[in-house]
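Notes follow the structure.
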Amino acid sequence: MRLSFLEPLYTESGPFASVYLDTSRDTEHPDRAIALRWRRLRADLTRQGADRAVLGVLEEAVGADVELPGVHGQAIFAANGSLVMEGELARPPARDSARYSTLPDAMPLVSQHLPEIPYLAVVVHYGGLPTATAHGWVTVEAESGTWPASNVTPGERLHHRVPVASWHQSAVRLGHQLDAWMRRSHGDAVVVAGDEWAGNVLVRRLPHALRDKVVRVGGPTPTDTRRALLEPQLDAVFLGRLAAHDQDLVNIFIGRRALGGPVTEGLAATVAALQRSQVAALLLNNPPGSSLRLWTGPQPTQLALSEEELVSFGVRAPREERADDALVRALVGTAAELVVVPESALKLDEGVGALLRYTHPWAPL
């Protein structure tokens, strides 16, 4: 998973106010419920030392996703009296939270983007006889996305309507269009739903490489929900999967580890690699818990297990921070990727490891 979407967070210096809030619209009086939740979080931030300017910026942003229906949440970050970043959450946070700290509390937002699987969703509408000699129209709607974040931030959508009589020929042209779209988006799967006959015509005419990525699903196919096309089906298809790109990184790690190649395992070795910008991809069995701490300086690569180590590097007044905050900043600052892989697929020493860009600072791979 690439973390470039977090880059705006680190254009500001701290301290940061980080807010995670349930802003669902599935209750009778959602605005009242959101206001009550925010009131509690505002009091928490005030106790932690947040100033009025930061609180005012946050208050303007809370609940601004009023047009988004259903169950969801917000992640909002502010610093120095300015809104730094705001993101929609496909799932409400397990509990509302607000933290005022030197580094932004970004890992919960990252976790909401995992496993970041790119896909196309396709719905084929047709209600007539299963023959090209019938009268009527076939309507196709397709949408790109990256699951699960696209549940609340859907991507580009295509609308296509053709007479049944020309559906066989049109399906060939549409298949090539979908194939080009998938190549641009590096999609892992094409999830197809809707009329069985018309959908079969389309699938059989897809280019072979794309046909191999088709997943057929059933169930309701509403297209006007203002959320992701085929949202319930996508959840069922992708739950528990890794993105193909991340699976490739896991496989590379396993192969390199077996051959004694350029990888690290364990917290100390991995932190040392991050200090040298060696890490191409950080692998975790689970995001670090809030009790794990690292010492940090003002730069992304200034992180260590002890205060003395950072001081020896010339860092003045190191600060002890949550490890997840320090690790996310280091990954974004060095353009490294993140893969969260279950222990059942790859058990890592201390739950952490890394693919390295090079084995020594003077010997790039």
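All residue names refer to the structure tokens as shown: chains lettered A, B, ... in order, residues numbered from 1 in each chain, ligands numbered from 1 in order.
Here the DSSP assignment of strand (DSSP E), based on backbone atoms, applies within range 212-283 of chain A to Val214, Val215, Arg216, Val263, Thr264, Glu265, Val279, Ala280, Ala281, Leu282 and Leu283 of chain A.
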Residues from last step as file, all heavy atoms, as a PDB file, in the first residue's frame:
ATOM      1  N   VAL A 214     -12.561 -11.731 -13.736  1.00  0.00           N
ATOM      2  CA  VAL A 214     -13.987 -11.512 -13.489  1.00  0.00           C
ATOM      3  C   VAL A 214     -14.452 -12.303 -12.264  1.00  0.00           C
ATOM      4  O   VAL A 214     -14.119 -13.478 -12.096  1.00  0.00           O
ATOM      5  CB  VAL A 214     -14.823 -11.909 -14.723  1.00  0.00           C
ATOM      6  CG1 VAL A 214     -16.315 -11.952 -14.380  1.00  0.00           C
ATOM      7  CG2 VAL A 214     -14.574 -10.931 -15.865  1.00  0.00           C
ATOM      8  N   VAL A 215     -15.227 -11.622 -11.421  1.00  0.00           N
ATOM      9  CA  VAL A 215     -15.921 -12.259 -10.305  1.00  0.00           C
ATOM     10  C   VAL A 215     -17.407 -11.965 -10.487  1.00  0.00           C
ATOM     11  O   VAL A 215     -17.809 -10.797 -10.475  1.00  0.00           O
ATOM     12  CB  VAL A 215     -15.434 -11.718  -8.949  1.00  0.00           C
ATOM     13  CG1 VAL A 215     -16.190 -12.396  -7.805  1.00  0.00           C
ATOM     14  CG2 VAL A 215     -13.936 -11.915  -8.791  1.00  0.00           C
ATOM     15  N   ARG A 216     -18.229 -13.005 -10.659  1.00  0.00           N
ATOM     16  CA  ARG A 216     -19.662 -12.810 -10.826  1.00  0.00           C
ATOM     17  C   ARG A 216     -20.338 -12.828  -9.451  1.00  0.00           C
ATOM     18  O   ARG A 216     -20.041 -13.693  -8.609  1.00  0.00           O
ATOM     19  CB  ARG A 216     -20.263 -13.915 -11.697  1.00  0.00           C
ATOM     20  CG  ARG A 216     -19.736 -13.957 -13.114  1.00  0.00           C
ATOM     21  CD  ARG A 216     -20.108 -12.710 -13.909  1.00  0.00           C
ATOM     22  NE  ARG A 216     -21.524 -12.572 -14.101  1.00  0.00           N
ATOM     23  CZ  ARG A 216     -22.196 -13.051 -15.156  1.00  0.00           C
ATOM     24  NH1 ARG A 216     -21.553 -13.736 -16.096  1.00  0.00           N
ATOM     25  NH2 ARG A 216     -23.491 -12.855 -15.265  1.00  0.00           N
ATOM     26  N   VAL A 263      16.479  -8.185   3.333  1.00  0.00           N
ATOM     27  CA  VAL A 263      15.292  -7.962   4.153  1.00  0.00           C
ATOM     28  C   VAL A 263      15.749  -7.781   5.594  1.00  0.00           C
ATOM     29  O   VAL A 263      16.886  -8.108   5.944  1.00  0.00           O
ATOM     30  CB  VAL A 263      14.293  -9.153   4.076  1.00  0.00           C
ATOM     31  CG1 VAL A 263      13.807  -9.372   2.661  1.00  0.00           C
ATOM     32  CG2 VAL A 263      14.910 -10.425   4.650  1.00  0.00           C
ATOM     33  N   THR A 264      14.857  -7.231   6.431  1.00  0.00           N
ATOM     34  CA  THR A 264      15.099  -7.186   7.865  1.00  0.00           C
ATOM     35  C   THR A 264      13.895  -7.787   8.577  1.00  0.00           C
ATOM     36  O   THR A 264      12.789  -7.840   8.030  1.00  0.00           O
ATOM     37  CB  THR A 264      15.282  -5.747   8.392  1.00  0.00           C
ATOM     38  OG1 THR A 264      14.046  -5.034   8.242  1.00  0.00           O
ATOM     39  CG2 THR A 264      16.382  -5.016   7.649  1.00  0.00           C
ATOM     40  N   GLU A 265      14.132  -8.211   9.815  1.00  0.00           N
ATOM     41  CA  GLU A 265      13.049  -8.626  10.706  1.00  0.00           C
ATOM     42  C   GLU A 265      13.367  -8.135  12.103  1.00  0.00           C
ATOM     43  O   GLU A 265      14.541  -8.008  12.480  1.00  0.00           O
ATOM     44  CB  GLU A 265      12.876 -10.139  10.720  1.00  0.00           C
ATOM     45  CG  GLU A 265      11.976 -10.666   9.627  1.00  0.00           C
ATOM     46  CD  GLU A 265      11.595 -12.118   9.867  1.00  0.00           C
ATOM     47  OE1 GLU A 265      12.339 -12.996   9.383  1.00  0.00           O
ATOM     48  OE2 GLU A 265      10.565 -12.373  10.520  1.00  0.00           O
ATOM     49  N   VAL A 279      14.300   1.259   3.527  1.00  0.00           N
ATOM     50  CA  VAL A 279      13.088   0.443   3.448  1.00  0.00           C
ATOM     51  C   VAL A 279      12.280   0.772   2.188  1.00  0.00           C
ATOM     52  O   VAL A 279      11.884   1.923   1.981  1.00  0.00           O
ATOM     53  CB  VAL A 279      12.223   0.645   4.712  1.00  0.00           C
ATOM     54  CG1 VAL A 279      10.883  -0.069   4.566  1.00  0.00           C
ATOM     55  CG2 VAL A 279      12.967   0.155   5.948  1.00  0.00           C
ATOM     56  N   ALA A 280      12.042  -0.259   1.388  1.00  0.00           N
ATOM     57  CA  ALA A 280      11.137  -0.116   0.240  1.00  0.00           C
ATOM     58  C   ALA A 280       9.709  -0.398   0.656  1.00  0.00           C
ATOM     59  O   ALA A 280       8.777   0.256   0.181  1.00  0.00           O
ATOM     60  CB  ALA A 280      11.557  -1.056  -0.879  1.00  0.00           C
ATOM     61  N   ALA A 281       9.525  -1.374   1.547  1.00  0.00           N
ATOM     62  CA  ALA A 281       8.182  -1.716   2.034  1.00  0.00           C
ATOM     63  C   ALA A 281       8.303  -2.253   3.450  1.00  0.00           C
ATOM     64  O   ALA A 281       9.107  -3.164   3.708  1.00  0.00           O
ATOM     65  CB  ALA A 281       7.515  -2.746   1.131  1.00  0.00           C
ATOM     66  N   LEU A 282       7.520  -1.679   4.356  1.00  0.00           N
ATOM     67  CA  LEU A 282       7.440  -2.153   5.739  1.00  0.00           C
ATOM     68  C   LEU A 282       6.335  -3.186   5.830  1.00  0.00           C
ATOM     69  O   LEU A 282       5.214  -2.938   5.368  1.00  0.00           O
ATOM     70  CB  LEU A 282       7.154  -0.987   6.675  1.00  0.00           C
ATOM     71  CG  LEU A 282       6.982  -1.327   8.161  1.00  0.00           C
ATOM     72  CD1 LEU A 282       8.322  -1.710   8.773  1.00  0.00           C
ATOM     73  CD2 LEU A 282       6.359  -0.155   8.912  1.00  0.00           C
ATOM     74  N   LEU A 283       6.622  -4.324   6.439  1.00  0.00           N
ATOM     75  CA  LEU A 283       5.632  -5.384   6.630  1.00  0.00           C
ATOM     76  C   LEU A 283       5.313  -5.502   8.111  1.00  0.00           C
ATOM     77  O   LEU A 283       6.215  -5.553   8.950  1.00  0.00           O
ATOM     78  CB  LEU A 283       6.155  -6.721   6.110  1.00  0.00           C
ATOM     79  CG  LEU A 283       6.086  -6.965   4.593  1.00  0.00           C
ATOM     80  CD1 LEU A 283       7.054  -6.063   3.843  1.00  0.00           C
ATOM     81  CD2 LEU A 283       6.378  -8.426   4.272  1.00  0.00           C
TER      82      LEU A 283
END
**OP:** Among the residues of range 246-333 of chain A, find those DSSP assigns to helix (DSSP H, G or I) from the backbone and print them as number ranges by chain.
**Re:** A: 246-258, 267-275, 307-312, 323-333
To one decimal place, how far is CA of His186 in chain A from CA of Glu116 in chain A in Å?
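About the pair CA of His186 in chain A and CA of Glu116 in chain A: they are 11.7 Å apart.
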Checklist entry - Pick from A:Leu103, A:Leu45, A:Val311, A:Ala258: nearest to Val328 in chain A, with only C-alpha atoms counted? => result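 Looking at the shortest contact to Val328 in chain A, the residue is A:Leu103.
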Inset, instruction - Write out as an NGL selection string which residues come within 6 Å of range 91-99 of chain A when counting only C-alpha atoms, dropping same-chain ones fewer than 3 positions away. - result: :A and (17-22 or 41 or 72-73)
Please produce a file of the residues just selected, as an mmCIF file, in the first residue's frame, where the atoms kept are all heavy atoms.
data_model
loop_
_atom_site.group_PDB
_atom_site.id
_atom_site.type_symbol
_atom_site.label_atom_id
_atom_site.label_comp_id
_atom_site.auth_asym_id
_atom_site.auth_seq_id
_atom_site.Cartn_x
_atom_site.Cartn_y
_atom_site.Cartn_z
ATOM 1 N N ALA A 17 -3.955 18.266 15.926
ATOM 2 C CA ALA A 17 -5.199 17.722 16.471
ATOM 3 C C ALA A 17 -5.713 16.690 15.475
ATOM 4 O O ALA A 17 -5.923 17.006 14.301
ATOM 5 C CB ALA A 17 -6.229 18.815 16.683
ATOM 6 N N SER A 18 -5.868 15.462 15.941
ATOM 7 C CA SER A 18 -6.337 14.358 15.096
ATOM 8 C C SER A 18 -7.675 13.867 15.640
ATOM 9 O O SER A 18 -7.750 13.448 16.801
ATOM 10 C CB SER A 18 -5.322 13.215 15.102
ATOM 11 O OG SER A 18 -4.027 13.664 14.759
ATOM 12 N N VAL A 19 -8.718 13.940 14.808
ATOM 13 C CA VAL A 19 -10.072 13.607 15.249
ATOM 14 C C VAL A 19 -10.633 12.486 14.387
ATOM 15 O O VAL A 19 -10.572 12.553 13.146
ATOM 16 C CB VAL A 19 -10.996 14.841 15.168
ATOM 17 C CG1 VAL A 19 -12.446 14.448 15.411
ATOM 18 C CG2 VAL A 19 -10.550 15.897 16.159
ATOM 19 N N TYR A 20 -11.161 11.446 15.032
ATOM 20 C CA TYR A 20 -11.881 10.364 14.359
ATOM 21 C C TYR A 20 -13.285 10.324 14.934
ATOM 22 O O TYR A 20 -13.463 10.155 16.151
ATOM 23 C CB TYR A 20 -11.170 9.030 14.562
ATOM 24 C CG TYR A 20 -9.852 8.951 13.829
ATOM 25 C CD1 TYR A 20 -8.671 9.370 14.433
ATOM 26 C CD2 TYR A 20 -9.794 8.484 12.519
ATOM 27 C CE1 TYR A 20 -7.463 9.316 13.762
ATOM 28 C CE2 TYR A 20 -8.601 8.425 11.835
ATOM 29 C CZ TYR A 20 -7.427 8.843 12.460
ATOM 30 O OH TYR A 20 -6.235 8.792 11.777
ATOM 31 N N LEU A 21 -14.277 10.473 14.056
ATOM 32 C CA LEU A 21 -15.640 10.732 14.520
ATOM 33 C C LEU A 21 -16.649 9.980 13.661
ATOM 34 O O LEU A 21 -16.547 9.968 12.431
ATOM 35 C CB LEU A 21 -15.906 12.244 14.429
ATOM 36 C CG LEU A 21 -17.265 12.779 14.850
ATOM 37 C CD1 LEU A 21 -17.485 12.609 16.341
ATOM 38 C CD2 LEU A 21 -17.363 14.264 14.476
ATOM 39 N N ASP A 22 -17.612 9.359 14.317
ATOM 40 C CA ASP A 22 -18.738 8.720 13.630
ATOM 41 C C ASP A 22 -19.673 9.819 13.130
ATOM 42 O O ASP A 22 -20.263 10.560 13.916
ATOM 43 C CB ASP A 22 -19.468 7.799 14.605
ATOM 44 C CG ASP A 22 -20.602 7.010 13.952
ATOM 45 O OD1 ASP A 22 -21.019 7.360 12.831
ATOM 46 O OD2 ASP A 22 -21.076 6.049 14.579
ATOM 47 N N LEU A 41 -15.476 15.359 22.199
ATOM 48 C CA LEU A 41 -14.114 15.377 21.673
ATOM 49 C C LEU A 41 -13.474 16.756 21.830
ATOM 50 O O LEU A 41 -12.278 16.859 22.112
ATOM 51 C CB LEU A 41 -14.124 14.969 20.197
ATOM 52 C CG LEU A 41 -14.586 13.540 19.901
ATOM 53 C CD1 LEU A 41 -14.482 13.246 18.413
ATOM 54 C CD2 LEU A 41 -13.792 12.524 20.704
ATOM 55 N N HIS A 72 -20.810 5.797 8.136
ATOM 56 C CA HIS A 72 -19.465 6.233 7.754
ATOM 57 C C HIS A 72 -18.885 7.086 8.868
ATOM 58 O O HIS A 72 -19.499 7.249 9.933
ATOM 59 C CB HIS A 72 -19.486 7.014 6.438
ATOM 60 C CG HIS A 72 -20.362 8.220 6.466
ATOM 61 N ND1 HIS A 72 -19.911 9.461 6.835
ATOM 62 C CD2 HIS A 72 -21.680 8.383 6.202
ATOM 63 C CE1 HIS A 72 -20.899 10.333 6.772
ATOM 64 N NE2 HIS A 72 -21.994 9.698 6.401
ATOM 65 N N GLY A 73 -17.707 7.629 8.645
ATOM 66 C CA GLY A 73 -17.081 8.491 9.633
ATOM 67 C C GLY A 73 -16.165 9.493 8.969
ATOM 68 O O GLY A 73 -16.036 9.529 7.743
#
With 8 Å as the cut-off and only C-alpha atoms counted, what is the closest atom pair between each nearby residue of range 193-266 of chain A and range 340-356 of chain A? Distances in Å to one decimal, ordered by chain and number, as a Markdown table.
| residue | atom | partner | partner_atom | distance |
| --- | --- | --- | --- | --- |
| A:Leu242 | CA | A:Val341 | CA | 7.7 |
| A:Leu249 | CA | A:Leu355 | CA | 8.0 |
| A:Val250 | CA | A:Leu346 | CA | 7.8 |
| A:Phe253 | CA | A:Leu355 | CA | 6.2 |
| A:Ile254 | CA | A:Leu346 | CA | 8.0 |
| A:Pro262 | CA | A:Leu356 | CA | 5.4 |
| A:Val263 | CA | A:Leu355 | CA | 4.7 |
| A:Thr264 | CA | A:Ala354 | CA | 5.2 |
| A:Glu265 | CA | A:Gly353 | CA | 4.1 |
| A:Gly266 | CA | A:Asp349 | CA | 4.9 |
Contact residues around Gly14 in chain A with only C-alpha atoms at 12 Å, ignoring same-chain residues under 4 positions, as a count of residues only: 19
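The coordinates place CA of Pro108 in chain A at 21.8 Å from CA of Leu36 in chain A.
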Item to complete: Compile the contact shell of Ala335 in chain A as JSON, numbers by chain: residues with an atom at most 8 Å away, counting only C-alpha atoms, same-chain residues fewer than 5 positions apart removed.
Response: {"A": [2, 3, 4, 280]}
